[in-house]
Amino acid sequence: MSEQNQYIRWFEELTINDIPLVGGKNASLGEMYRELAGQGVIVPNGFAITAEAYRYMLDQADAWPRLHNLLDNVDADDVEELARRAQQARDLVYAAPLPADLQREIHDAFAKLQQEYGEDLTVAVRSSATAEDLPTASFAGQQDTYLNIRGGQALLDACKRCFASLFTDRAIHYRLDQGFDHFKIGLSIGVMKMVRSDLAASGVMFSLDTESGFNDAVFITGAYGLGENVVQGAVDPDEFYVHKPTFAKGYRAVLRRTLGAKKIKMIYSDGRTREPIRNVATSNHERRQFCVDDAEVLQLADYALKIEQHYGRPMDMEWAKDGLDGKLYIVQARPETVASQKVGNVLEQYQLKQTGGAIVKGHAVGSKIAVGEARVIGNVAKLGTFKPGEVLVADMTTPDWEPVMKTAAAIVTNRGGRTCHAAIIARELGVPAVIGCENATSAIKSGGLVTVSCAEGDVGKVYEGRLDFEVKHTDLSQLQRPKTKIMLNLGNPELAFKHSFLPNDGVGLARMEFIITEYIKAHPLALIHPESVQDAGEMEKLKHLTAGYAKPEEFFIQRLAEGVGTIAAAFYPKPVVVRMSDFKTNEYATLLGGRWFERDEANPMIGFRGASRYVHPAYAEGFALECAAMKRVREQMGLKNVVLMIPFCRRIDEAERVLDYMAKLGLKRGEEGLEIYVMCEIPNNVILIDEFAKLFDGFSIGSNDLTQLTLGVDRDSEIVANDFDERDAGVKTMIRMAVEGARRNGRHSGLCGQAPSDYPEMAEYLVEIGIDSMSLNPDTVLQTTQQVLDLERKLGCYRGFAVS
């Protein structure tokens, strides 16, 4: 501490142990400025006005008795009375003059900061309560921040307003809820160089996935302009994920990215108004582009990992890019206080039992489902009409809404992303929220019963009326692992992080088709040869899909790589078996532009599908795109746990040609640990299993197609549907022969069909014949695992192992 400064501490003088003096925010900024600059983490310089200065100012004004009179008996649930007293408390604090010696210290410190950054320096004036950012309670957003403050007098006024904001309605209410004494909490102020993100971008990031609590990813959000819009939820931001374990091994790739709407940005005012900042519309070009490039996303991930490692816990961070110097700055870091606080081994699973048409869709926050009457609230003044247990529907929320939010069954907003205010508070409260719906306040009517579901992946949905749902609780700490590997069938990347918490041995079947249908939507050949698409409407849709990509093919490769990569990252380093595309011609034809490349077949189920397509001139170019995506997942993303699998491979000659083509495309079996499996779903795969075993590392028995072809039943035909039964003695014999053949050749055997998920007796049969793994639908994993354990105990002596 400088001798002449009693109430000022520079960031370089502060550590995380100084929370009682300068609050959590300033202590953390000081800690990072001191300790992480040498590791390349950039924090703008600044100084803290201590909490002692706040107390000194109120001591000199003799304000304490009047504040006690206003706040000692305030009723947190009386919204109008709370607002009245809070306003009086703020007026009282704002009216207290800053003592002359305190003013002088602030002026001197600001002048010193100008010497470092120049006369044109503007600063951010940020509150830092001495009880904020604790590991178990987040005081984020309870007090006010003032941006783009220029000049000494404006700084002093901002400081007074900042001190007064300790008594906002939301801050008083939050402290009462958390059991904090108003008068034992002080307010420090951080004054730091204003990062010129008004000319670039800013956002929020977490060192874990905020929805699932998955700890192996950095989750980054960002938008153009100053960061308040992202924090408040005024914009739908861009989103990015980076996989931490492979990043630590030196791989540098963005795992997944989602383009946000980013319809507005907050910039400096032009001087014609009293407000120092304002919102303006973004251009169409800005909306079509990501606000930061991949290199910047990876630099932010590097910051996040270093900050998390330094603090030894998951962190919630704010970042900003300066449009003048091009540098990325960390402007805040605090402990993540929701996902990381979940303790115990009880798995909670919400599942809808009915379906319906969604009224609106948006970002899902959490994984719960709730039912209640909708209440559309247009502004803060209408909050008094909200009744506990209703579903709060609003354009967006601010901290002033928190007293009502805590009584809501669910929250639905027009605007915002998954790191905005509404999302953060919903997570903290454990309330499901659907954020960024765009039209929620117009599409949902007050008084109507709605079901809010966040249990179906990244997309949250609001349904009309009451839909039945169930909640399952499972104590995983008591669940043993069987010898038979229990793997998952999974195609939806949005569910991957969530399902990774199920007891599992990896993914036995990752279906590529879901990713192509949902995230790509277009036929690969329509992207390679758009000139063959003869419909103007389809051409326009293809152009819209691939806008912003150097080539349409890159759109396909990137989207497929991100989808598969997300699933592989969720289960890393466990094996994830990815089946190459197995659309039938009629299914391929339904993809955008597909009808121009597909022929009509009388029976697509046993027609031009699977391996036969891969080396055929009619599809080989499309298969090359699939291989390019898988090569990117393994080599650029570093997800070497991906095992590739070839479906519907009829003959040995066909298998050899497919493997040769894959090798030419950079996917050679055995190189870089690459394993390639084959689906065992055609009787010829079983009959010639010794020959197929020379070409492949494992067999995954597809019970659906094996049943179809063993019994001669078209599984798409309703007329003969009753004859389709995986439990038929002939089908079971085929499965047993496949398992024995794989074991005889030292190859992996698994089953990834529907049978063990649907029929417990089939799961038992698979254990009895000694299959290595079975891959199940996620909703049957827990039940089937227990069943397998029970059977293995009974067979323990016979199979020569004991289950502990």
# chains A, B, ... in the order shown; residues from 1 in each chain; ligands from 1

$ residues_around --residues "A:Pro573" --least-positions-apart "2" --cutoff "9 Å" --atoms "only C-alpha atoms" --output "PyMOL selection string"
chain A and resi 506+568-571+575-576+639-641

$ write_last_selection --atoms "C-alpha atoms" --output "mmCIF file, in the first residue's frame"
data_model
loop_
_atom_site.group_PDB
_atom_site.id
_atom_site.type_symbol
_atom_site.label_atom_id
_atom_site.label_comp_id
_atom_site.auth_asym_id
_atom_site.auth_seq_id
_atom_site.Cartn_x
_atom_site.Cartn_y
_atom_site.Cartn_z
ATOM 1 C CA GLY A 506 -18.661 -46.050 -23.700
ATOM 2 C CA ALA A 568 -16.711 -38.731 -28.391
ATOM 3 C CA ALA A 569 -15.650 -35.965 -25.992
ATOM 4 C CA ALA A 570 -18.505 -36.720 -23.598
ATOM 5 C CA PHE A 571 -17.299 -40.301 -23.094
ATOM 6 C CA PRO A 575 -14.540 -46.121 -26.850
ATOM 7 C CA VAL A 576 -17.194 -44.486 -29.004
ATOM 8 C CA LEU A 639 -10.466 -37.889 -30.037
ATOM 9 C CA LYS A 640 -8.678 -41.152 -30.742
ATOM 10 C CA ASN A 641 -11.342 -43.043 -28.782
#

$ closest_residue --among "A:Arg288, A:Arg595, A:Lys485, A:Arg715" --to "A:Ala526" --atoms "only C-alpha atoms"
A:Arg595

$ select_by_dssp --residues "stretch 540-672 of chain A" --states "helix (DSSP H, G or I)" --output "compact mmCIF listing (two decimals) with N, CA and C atoms, in the first residue's frame"
# COMPACT_ATOMS: atom_id res chain seq x y z
N GLU A 540 -31.90 -22.28 -53.00
CA GLU A 540 -31.84 -21.15 -52.06
C GLU A 540 -31.62 -21.65 -50.63
N LYS A 541 -32.30 -22.75 -50.28
CA LYS A 541 -32.12 -23.32 -48.94
C LYS A 541 -30.69 -23.83 -48.75
N LEU A 542 -30.12 -24.43 -49.80
CA LEU A 542 -28.73 -24.91 -49.72
C LEU A 542 -27.77 -23.75 -49.52
N LYS A 543 -27.99 -22.65 -50.22
CA LYS A 543 -27.13 -21.46 -50.08
C LYS A 543 -27.23 -20.89 -48.67
N HIS A 544 -28.46 -20.86 -48.14
CA HIS A 544 -28.67 -20.33 -46.79
C HIS A 544 -27.95 -21.20 -45.75
N LEU A 545 -28.06 -22.52 -45.91
CA LEU A 545 -27.41 -23.44 -44.97
C LEU A 545 -25.90 -23.25 -44.93
N THR A 546 -25.30 -23.06 -46.10
CA THR A 546 -23.84 -23.07 -46.19
C THR A 546 -23.23 -21.67 -46.21
N PRO A 552 -19.31 -25.43 -49.70
CA PRO A 552 -20.41 -26.19 -49.12
C PRO A 552 -19.95 -27.51 -48.48
N GLU A 553 -18.93 -28.13 -49.06
CA GLU A 553 -18.43 -29.38 -48.50
C GLU A 553 -17.91 -29.19 -47.07
N GLU A 554 -17.30 -28.02 -46.83
CA GLU A 554 -16.76 -27.74 -45.49
C GLU A 554 -17.89 -27.68 -44.45
N PHE A 555 -19.04 -27.19 -44.88
CA PHE A 555 -20.21 -27.17 -43.99
C PHE A 555 -20.54 -28.59 -43.53
N PHE A 556 -20.59 -29.54 -44.46
CA PHE A 556 -20.89 -30.92 -44.12
C PHE A 556 -19.82 -31.49 -43.19
N ILE A 557 -18.56 -31.30 -43.54
CA ILE A 557 -17.46 -31.88 -42.75
C ILE A 557 -17.45 -31.31 -41.33
N GLN A 558 -17.58 -30.00 -41.22
CA GLN A 558 -17.51 -29.38 -39.90
C GLN A 558 -18.69 -29.79 -39.03
N ARG A 559 -19.90 -29.75 -39.57
CA ARG A 559 -21.07 -30.10 -38.77
C ARG A 559 -21.02 -31.56 -38.32
N LEU A 560 -20.62 -32.45 -39.22
CA LEU A 560 -20.55 -33.87 -38.85
C LEU A 560 -19.43 -34.09 -37.83
N ALA A 561 -18.29 -33.44 -38.02
CA ALA A 561 -17.18 -33.59 -37.07
C ALA A 561 -17.57 -33.07 -35.69
N GLU A 562 -18.29 -31.96 -35.65
CA GLU A 562 -18.69 -31.40 -34.36
C GLU A 562 -19.69 -32.31 -33.65
N GLY A 563 -20.64 -32.88 -34.41
CA GLY A 563 -21.62 -33.75 -33.80
C GLY A 563 -20.99 -35.01 -33.23
N VAL A 564 -20.18 -35.68 -34.05
CA VAL A 564 -19.50 -36.90 -33.59
C VAL A 564 -18.49 -36.54 -32.49
N GLY A 565 -17.77 -35.43 -32.68
CA GLY A 565 -16.77 -35.03 -31.69
C GLY A 565 -17.38 -34.77 -30.32
N THR A 566 -18.56 -34.18 -30.29
CA THR A 566 -19.23 -33.91 -29.01
C THR A 566 -19.54 -35.21 -28.28
N ILE A 567 -20.04 -36.21 -29.02
CA ILE A 567 -20.32 -37.51 -28.39
C ILE A 567 -19.03 -38.16 -27.91
N ALA A 568 -18.00 -38.12 -28.76
CA ALA A 568 -16.71 -38.73 -28.39
C ALA A 568 -16.09 -38.04 -27.18
N ALA A 569 -16.21 -36.72 -27.12
CA ALA A 569 -15.65 -35.96 -25.99
C ALA A 569 -16.39 -36.28 -24.70
N ALA A 570 -17.70 -36.46 -24.79
CA ALA A 570 -18.51 -36.72 -23.60
C ALA A 570 -18.08 -38.01 -22.90
N PHE A 571 -17.62 -38.99 -23.67
CA PHE A 571 -17.30 -40.30 -23.09
C PHE A 571 -15.79 -40.59 -23.08
N THR A 585 -32.09 -45.54 -49.64
CA THR A 585 -32.27 -44.56 -50.72
C THR A 585 -33.48 -43.68 -50.49
N ASN A 586 -34.57 -44.24 -49.96
CA ASN A 586 -35.76 -43.43 -49.71
C ASN A 586 -35.51 -42.40 -48.61
N GLU A 587 -34.61 -42.73 -47.66
CA GLU A 587 -34.28 -41.78 -46.59
C GLU A 587 -33.32 -40.70 -47.10
N TYR A 588 -32.34 -41.10 -47.89
CA TYR A 588 -31.43 -40.12 -48.50
C TYR A 588 -32.21 -39.13 -49.36
N GLY A 594 -31.74 -34.21 -52.07
CA GLY A 594 -31.48 -35.64 -52.22
C GLY A 594 -32.20 -36.29 -53.38
N ARG A 595 -33.38 -35.78 -53.73
CA ARG A 595 -34.16 -36.45 -54.78
C ARG A 595 -33.46 -36.40 -56.14
N TRP A 596 -32.50 -35.51 -56.30
CA TRP A 596 -31.80 -35.40 -57.58
C TRP A 596 -30.66 -36.41 -57.70
N PRO A 604 -35.94 -50.69 -50.44
CA PRO A 604 -34.70 -50.01 -50.01
C PRO A 604 -34.02 -50.70 -48.83
N MET A 605 -34.79 -51.45 -48.03
CA MET A 605 -34.23 -52.07 -46.84
C MET A 605 -33.10 -53.05 -47.19
N ILE A 606 -33.18 -53.68 -48.36
CA ILE A 606 -32.09 -54.59 -48.77
C ILE A 606 -31.52 -54.13 -50.11
N ALA A 611 -22.32 -50.31 -46.86
CA ALA A 611 -21.02 -50.42 -47.51
C ALA A 611 -21.11 -50.36 -49.03
N SER A 612 -22.20 -50.86 -49.60
CA SER A 612 -22.31 -50.88 -51.06
C SER A 612 -22.29 -49.47 -51.66
N ARG A 613 -22.67 -48.49 -50.90
CA ARG A 613 -22.67 -47.10 -51.40
C ARG A 613 -21.27 -46.50 -51.42
N TYR A 614 -20.44 -46.91 -50.45
CA TYR A 614 -19.21 -46.17 -50.17
C TYR A 614 -18.22 -46.13 -51.33
N ALA A 620 -19.58 -42.37 -53.80
CA ALA A 620 -18.21 -42.38 -53.25
C ALA A 620 -17.75 -40.99 -52.79
N GLU A 621 -18.15 -39.93 -53.51
CA GLU A 621 -17.75 -38.57 -53.11
C GLU A 621 -18.39 -38.19 -51.77
N GLY A 622 -19.63 -38.64 -51.56
CA GLY A 622 -20.29 -38.36 -50.29
C GLY A 622 -19.61 -39.08 -49.14
N PHE A 623 -19.21 -40.34 -49.37
CA PHE A 623 -18.50 -41.09 -48.34
C PHE A 623 -17.17 -40.44 -48.02
N ALA A 624 -16.53 -39.83 -49.01
CA ALA A 624 -15.26 -39.14 -48.78
C ALA A 624 -15.44 -37.99 -47.80
N LEU A 625 -16.59 -37.31 -47.85
CA LEU A 625 -16.86 -36.24 -46.88
C LEU A 625 -17.02 -36.81 -45.47
N GLU A 626 -17.71 -37.94 -45.36
CA GLU A 626 -17.86 -38.58 -44.06
C GLU A 626 -16.48 -38.92 -43.48
N CYS A 627 -15.62 -39.48 -44.33
CA CYS A 627 -14.28 -39.86 -43.87
C CYS A 627 -13.45 -38.64 -43.49
N ALA A 628 -13.60 -37.55 -44.24
CA ALA A 628 -12.87 -36.31 -43.90
C ALA A 628 -13.29 -35.81 -42.53
N ALA A 629 -14.59 -35.93 -42.21
CA ALA A 629 -15.07 -35.50 -40.90
C ALA A 629 -14.50 -36.38 -39.79
N MET A 630 -14.47 -37.71 -40.01
CA MET A 630 -13.95 -38.62 -38.99
C MET A 630 -12.43 -38.43 -38.81
N LYS A 631 -11.75 -38.15 -39.88
CA LYS A 631 -10.32 -37.87 -39.80
C LYS A 631 -10.08 -36.62 -38.97
N ARG A 632 -10.93 -35.60 -39.13
CA ARG A 632 -10.81 -34.37 -38.35
C ARG A 632 -11.06 -34.64 -36.87
N VAL A 633 -12.05 -35.47 -36.57
CA VAL A 633 -12.36 -35.79 -35.18
C VAL A 633 -11.17 -36.46 -34.50
N ARG A 634 -10.55 -37.39 -35.18
CA ARG A 634 -9.46 -38.14 -34.58
C ARG A 634 -8.15 -37.37 -34.57
N GLU A 635 -7.83 -36.70 -35.68
CA GLU A 635 -6.50 -36.11 -35.82
C GLU A 635 -6.43 -34.66 -35.36
N GLN A 636 -7.44 -33.86 -35.65
CA GLN A 636 -7.40 -32.46 -35.24
C GLN A 636 -7.98 -32.26 -33.84
N ILE A 652 -16.93 -60.23 -48.63
CA ILE A 652 -15.52 -59.99 -48.30
C ILE A 652 -14.89 -59.01 -49.30
N ASP A 653 -15.17 -59.22 -50.58
CA ASP A 653 -14.62 -58.33 -51.61
C ASP A 653 -15.06 -56.88 -51.37
N GLU A 654 -16.32 -56.71 -50.99
CA GLU A 654 -16.83 -55.36 -50.71
C GLU A 654 -16.10 -54.75 -49.52
N ALA A 655 -15.87 -55.55 -48.49
CA ALA A 655 -15.17 -55.07 -47.30
C ALA A 655 -13.75 -54.61 -47.66
N GLU A 656 -13.06 -55.39 -48.48
CA GLU A 656 -11.70 -55.04 -48.87
C GLU A 656 -11.66 -53.73 -49.64
N ARG A 657 -12.62 -53.55 -50.55
CA ARG A 657 -12.64 -52.32 -51.34
C ARG A 657 -12.95 -51.09 -50.48
N VAL A 658 -13.86 -51.26 -49.52
CA VAL A 658 -14.18 -50.14 -48.63
C VAL A 658 -12.97 -49.77 -47.77
N LEU A 659 -12.29 -50.75 -47.21
CA LEU A 659 -11.13 -50.47 -46.37
C LEU A 659 -10.00 -49.84 -47.17
N ASP A 660 -9.81 -50.28 -48.41
CA ASP A 660 -8.77 -49.68 -49.26
C ASP A 660 -9.11 -48.21 -49.54
N TYR A 661 -10.37 -47.94 -49.82
CA TYR A 661 -10.79 -46.56 -50.11
C TYR A 661 -10.62 -45.68 -48.87
N MET A 662 -10.98 -46.21 -47.70
CA MET A 662 -10.81 -45.45 -46.46
C MET A 662 -9.33 -45.14 -46.22
N ALA A 663 -8.47 -46.10 -46.49
CA ALA A 663 -7.03 -45.89 -46.31
C ALA A 663 -6.53 -44.77 -47.22
N LYS A 664 -7.02 -44.75 -48.47
CA LYS A 664 -6.64 -43.69 -49.39
C LYS A 664 -7.13 -42.32 -48.90
N GLU A 671 -3.39 -47.51 -38.10
CA GLU A 671 -2.58 -46.30 -37.98
C GLU A 671 -3.19 -45.36 -36.94
N GLU A 672 -2.34 -44.79 -36.09
CA GLU A 672 -2.79 -43.90 -35.01
C GLU A 672 -3.83 -44.60 -34.13

$ closest_residue --among "A:Glu296, A:Glu239, A:Glu438, A:Asp108" --to "A:Ile359" --atoms "only C-alpha atoms"
A:Glu438

$ residues_around --residues "stretch 214-229 of chain A" --least-positions-apart "6" --cutoff "7 Å" --atoms "only C-alpha atoms" --output "list in words"
Ser197, Asp198, Leu199, Ala200, Ala201, Ser202, Gly203, Val204, Met205, Phe206, Ser207, Leu208, Val235, Pro237, Asp238, Glu239, Phe240, Tyr241, Val242, His243, Lys244, Pro245, Lys262, Lys265, Met266, Ile267, Cys291, Ala301 and Phe497 of chain A

$ atom_distance --atom1 "atom CA of A:Ile682" --atom2 "atom CA of A:Leu791"
28.9 Å

$ atom_distance --atom1 "atom CA of A:Pro617" --atom2 "atom CA of A:Lys521"
22.1 Å

$ select_by_dssp --residues "stretch 665-752 of chain A" --states "strand (DSSP E or B)" --output "number ranges by chain"
A: 676-680, 698-701, 748-751

$ write_last_selection --atoms "N, CA, C and O atoms" --output "PDB file, in the first residue's frame"
ATOM      1  N   ILE A 676     -11.380 -50.450 -36.753  1.00  0.00           N
ATOM      2  CA  ILE A 676     -12.564 -50.433 -37.607  1.00  0.00           C
ATOM      3  C   ILE A 676     -13.357 -51.703 -37.353  1.00  0.00           C
ATOM      4  O   ILE A 676     -12.817 -52.808 -37.472  1.00  0.00           O
ATOM      5  N   TYR A 677     -14.614 -51.536 -36.952  1.00  0.00           N
ATOM      6  CA  TYR A 677     -15.518 -52.656 -36.739  1.00  0.00           C
ATOM      7  C   TYR A 677     -16.398 -52.818 -37.980  1.00  0.00           C
ATOM      8  O   TYR A 677     -16.461 -51.943 -38.846  1.00  0.00           O
ATOM      9  N   VAL A 678     -17.102 -53.931 -38.008  1.00  0.00           N
ATOM     10  CA  VAL A 678     -18.101 -54.158 -39.056  1.00  0.00           C
ATOM     11  C   VAL A 678     -19.398 -54.579 -38.370  1.00  0.00           C
ATOM     12  O   VAL A 678     -19.376 -55.284 -37.351  1.00  0.00           O
ATOM     13  N   MET A 679     -20.504 -54.122 -38.900  1.00  0.00           N
ATOM     14  CA  MET A 679     -21.791 -54.600 -38.407  1.00  0.00           C
ATOM     15  C   MET A 679     -21.955 -56.060 -38.817  1.00  0.00           C
ATOM     16  O   MET A 679     -21.673 -56.431 -39.962  1.00  0.00           O
ATOM     17  N   CYS A 680     -22.394 -56.871 -37.870  1.00  0.00           N
ATOM     18  CA  CYS A 680     -22.679 -58.273 -38.154  1.00  0.00           C
ATOM     19  C   CYS A 680     -24.196 -58.396 -38.190  1.00  0.00           C
ATOM     20  O   CYS A 680     -24.844 -58.615 -37.161  1.00  0.00           O
ATOM     21  N   GLY A 698     -13.520 -55.809 -34.810  1.00  0.00           N
ATOM     22  CA  GLY A 698     -14.622 -56.212 -33.953  1.00  0.00           C
ATOM     23  C   GLY A 698     -15.906 -56.322 -34.740  1.00  0.00           C
ATOM     24  O   GLY A 698     -16.000 -55.871 -35.893  1.00  0.00           O
ATOM     25  N   PHE A 699     -16.890 -56.939 -34.101  1.00  0.00           N
ATOM     26  CA  PHE A 699     -18.195 -57.145 -34.714  1.00  0.00           C
ATOM     27  C   PHE A 699     -19.276 -56.572 -33.802  1.00  0.00           C
ATOM     28  O   PHE A 699     -19.285 -56.842 -32.598  1.00  0.00           O
ATOM     29  N   SER A 700     -20.158 -55.816 -34.397  1.00  0.00           N
ATOM     30  CA  SER A 700     -21.307 -55.311 -33.652  1.00  0.00           C
ATOM     31  C   SER A 700     -22.553 -55.902 -34.286  1.00  0.00           C
ATOM     32  O   SER A 700     -22.875 -55.623 -35.452  1.00  0.00           O
ATOM     33  N   ILE A 701     -23.213 -56.750 -33.532  1.00  0.00           N
ATOM     34  CA  ILE A 701     -24.361 -57.482 -34.071  1.00  0.00           C
ATOM     35  C   ILE A 701     -25.572 -56.550 -34.103  1.00  0.00           C
ATOM     36  O   ILE A 701     -26.007 -56.035 -33.070  1.00  0.00           O
ATOM     37  N   HIS A 748     -13.530 -58.358 -30.812  1.00  0.00           N
ATOM     38  CA  HIS A 748     -14.590 -57.871 -29.934  1.00  0.00           C
ATOM     39  C   HIS A 748     -15.962 -58.265 -30.487  1.00  0.00           C
ATOM     40  O   HIS A 748     -16.196 -58.186 -31.696  1.00  0.00           O
ATOM     41  N   SER A 749     -16.870 -58.645 -29.596  1.00  0.00           N
ATOM     42  CA  SER A 749     -18.255 -58.900 -30.004  1.00  0.00           C
ATOM     43  C   SER A 749     -19.187 -58.037 -29.156  1.00  0.00           C
ATOM     44  O   SER A 749     -19.050 -57.955 -27.937  1.00  0.00           O
ATOM     45  N   GLY A 750     -20.102 -57.378 -29.821  1.00  0.00           N
ATOM     46  CA  GLY A 750     -21.097 -56.576 -29.128  1.00  0.00           C
ATOM     47  C   GLY A 750     -22.417 -56.655 -29.863  1.00  0.00           C
ATOM     48  O   GLY A 750     -22.477 -57.116 -31.010  1.00  0.00           O
ATOM     49  N   LEU A 751     -23.474 -56.222 -29.206  1.00  0.00           N
ATOM     50  CA  LEU A 751     -24.771 -56.154 -29.864  1.00  0.00           C
ATOM     51  C   LEU A 751     -25.336 -54.760 -29.647  1.00  0.00           C
ATOM     52  O   LEU A 751     -25.369 -54.260 -28.510  1.00  0.00           O
TER      53      LEU A 751
END

$ residues_around --residues "A:Leu488" --least-positions-apart "5" --cutoff "6 Å" --atoms "only C-alpha atoms" --output "list in words"
Val507, Gly508, Ser775, Leu776 and Asn777 of chain A

$ write_last_selection --atoms "C-alpha atoms" --output "mmCIF file, in the first residue's frame"
data_model
loop_
_atom_site.group_PDB
_atom_site.id
_atom_site.type_symbol
_atom_site.label_atom_id
_atom_site.label_comp_id
_atom_site.auth_asym_id
_atom_site.auth_seq_id
_atom_site.Cartn_x
_atom_site.Cartn_y
_atom_site.Cartn_z
ATOM 1 C CA VAL A 507 -20.899 -45.764 -26.743
ATOM 2 C CA GLY A 508 -21.545 -48.942 -28.704
ATOM 3 C CA SER A 775 -25.255 -51.320 -26.311
ATOM 4 C CA LEU A 776 -28.535 -50.060 -24.883
ATOM 5 C CA ASN A 777 -30.875 -47.127 -25.172
#

$ residues_around --residues "A:Tyr765" --least-positions-apart "4" --cutoff "10 Å" --atoms "only C-alpha atoms" --output "short mmCIF file (atom, residue, chain, number, x, y, z; two decimals) with N, CA, C and O atoms, in the first residue's frame"
data_model
loop_
_atom_site.label_atom_id
_atom_site.label_comp_id
_atom_site.auth_asym_id
_atom_site.auth_seq_id
_atom_site.Cartn_x
_atom_site.Cartn_y
_atom_site.Cartn_z
N ARG A 727 -36.24 -62.77 -30.72
CA ARG A 727 -36.12 -63.90 -29.78
C ARG A 727 -36.34 -65.25 -30.47
O ARG A 727 -36.26 -66.28 -29.79
N LYS A 732 -31.45 -66.30 -32.52
CA LYS A 732 -30.56 -66.48 -31.37
C LYS A 732 -29.38 -67.38 -31.71
O LYS A 732 -28.26 -67.14 -31.24
N ILE A 735 -26.89 -65.24 -33.54
CA ILE A 735 -26.16 -64.37 -32.61
C ILE A 735 -25.09 -65.17 -31.87
O ILE A 735 -23.94 -64.72 -31.73
N ARG A 736 -25.46 -66.38 -31.41
CA ARG A 736 -24.49 -67.21 -30.69
C ARG A 736 -23.30 -67.57 -31.58
O ARG A 736 -22.14 -67.49 -31.15
N PRO A 756 -31.97 -56.09 -26.56
CA PRO A 756 -31.78 -56.10 -25.11
C PRO A 756 -32.45 -54.93 -24.40
O PRO A 756 -32.74 -55.02 -23.20
N PRO A 760 -35.93 -58.13 -21.69
CA PRO A 760 -34.96 -58.54 -20.65
C PRO A 760 -34.38 -59.93 -20.90
O PRO A 760 -33.21 -60.18 -20.62
N GLU A 761 -35.20 -60.84 -21.47
CA GLU A 761 -34.71 -62.20 -21.69
C GLU A 761 -33.60 -62.23 -22.74
O GLU A 761 -32.73 -63.12 -22.71
N ILE A 769 -24.26 -66.39 -23.36
CA ILE A 769 -23.37 -66.84 -24.44
C ILE A 769 -22.02 -66.12 -24.39
O ILE A 769 -21.15 -66.38 -25.22
N GLY A 770 -21.85 -65.22 -23.43
CA GLY A 770 -20.54 -64.60 -23.22
C GLY A 770 -20.21 -63.46 -24.15
O GLY A 770 -19.02 -63.25 -24.48
N ILE A 771 -21.19 -62.67 -24.57
CA ILE A 771 -20.91 -61.51 -25.42
C ILE A 771 -20.05 -60.50 -24.65
O ILE A 771 -20.16 -60.38 -23.43
N VAL A 788 -28.18 -57.64 -15.56
CA VAL A 788 -26.95 -58.33 -15.98
C VAL A 788 -26.11 -58.72 -14.76
O VAL A 788 -25.55 -59.81 -14.69
N LEU A 791 -27.60 -61.76 -13.11
CA LEU A 791 -27.35 -62.98 -13.87
C LEU A 791 -25.89 -63.41 -13.78
O LEU A 791 -25.58 -64.60 -13.64
#
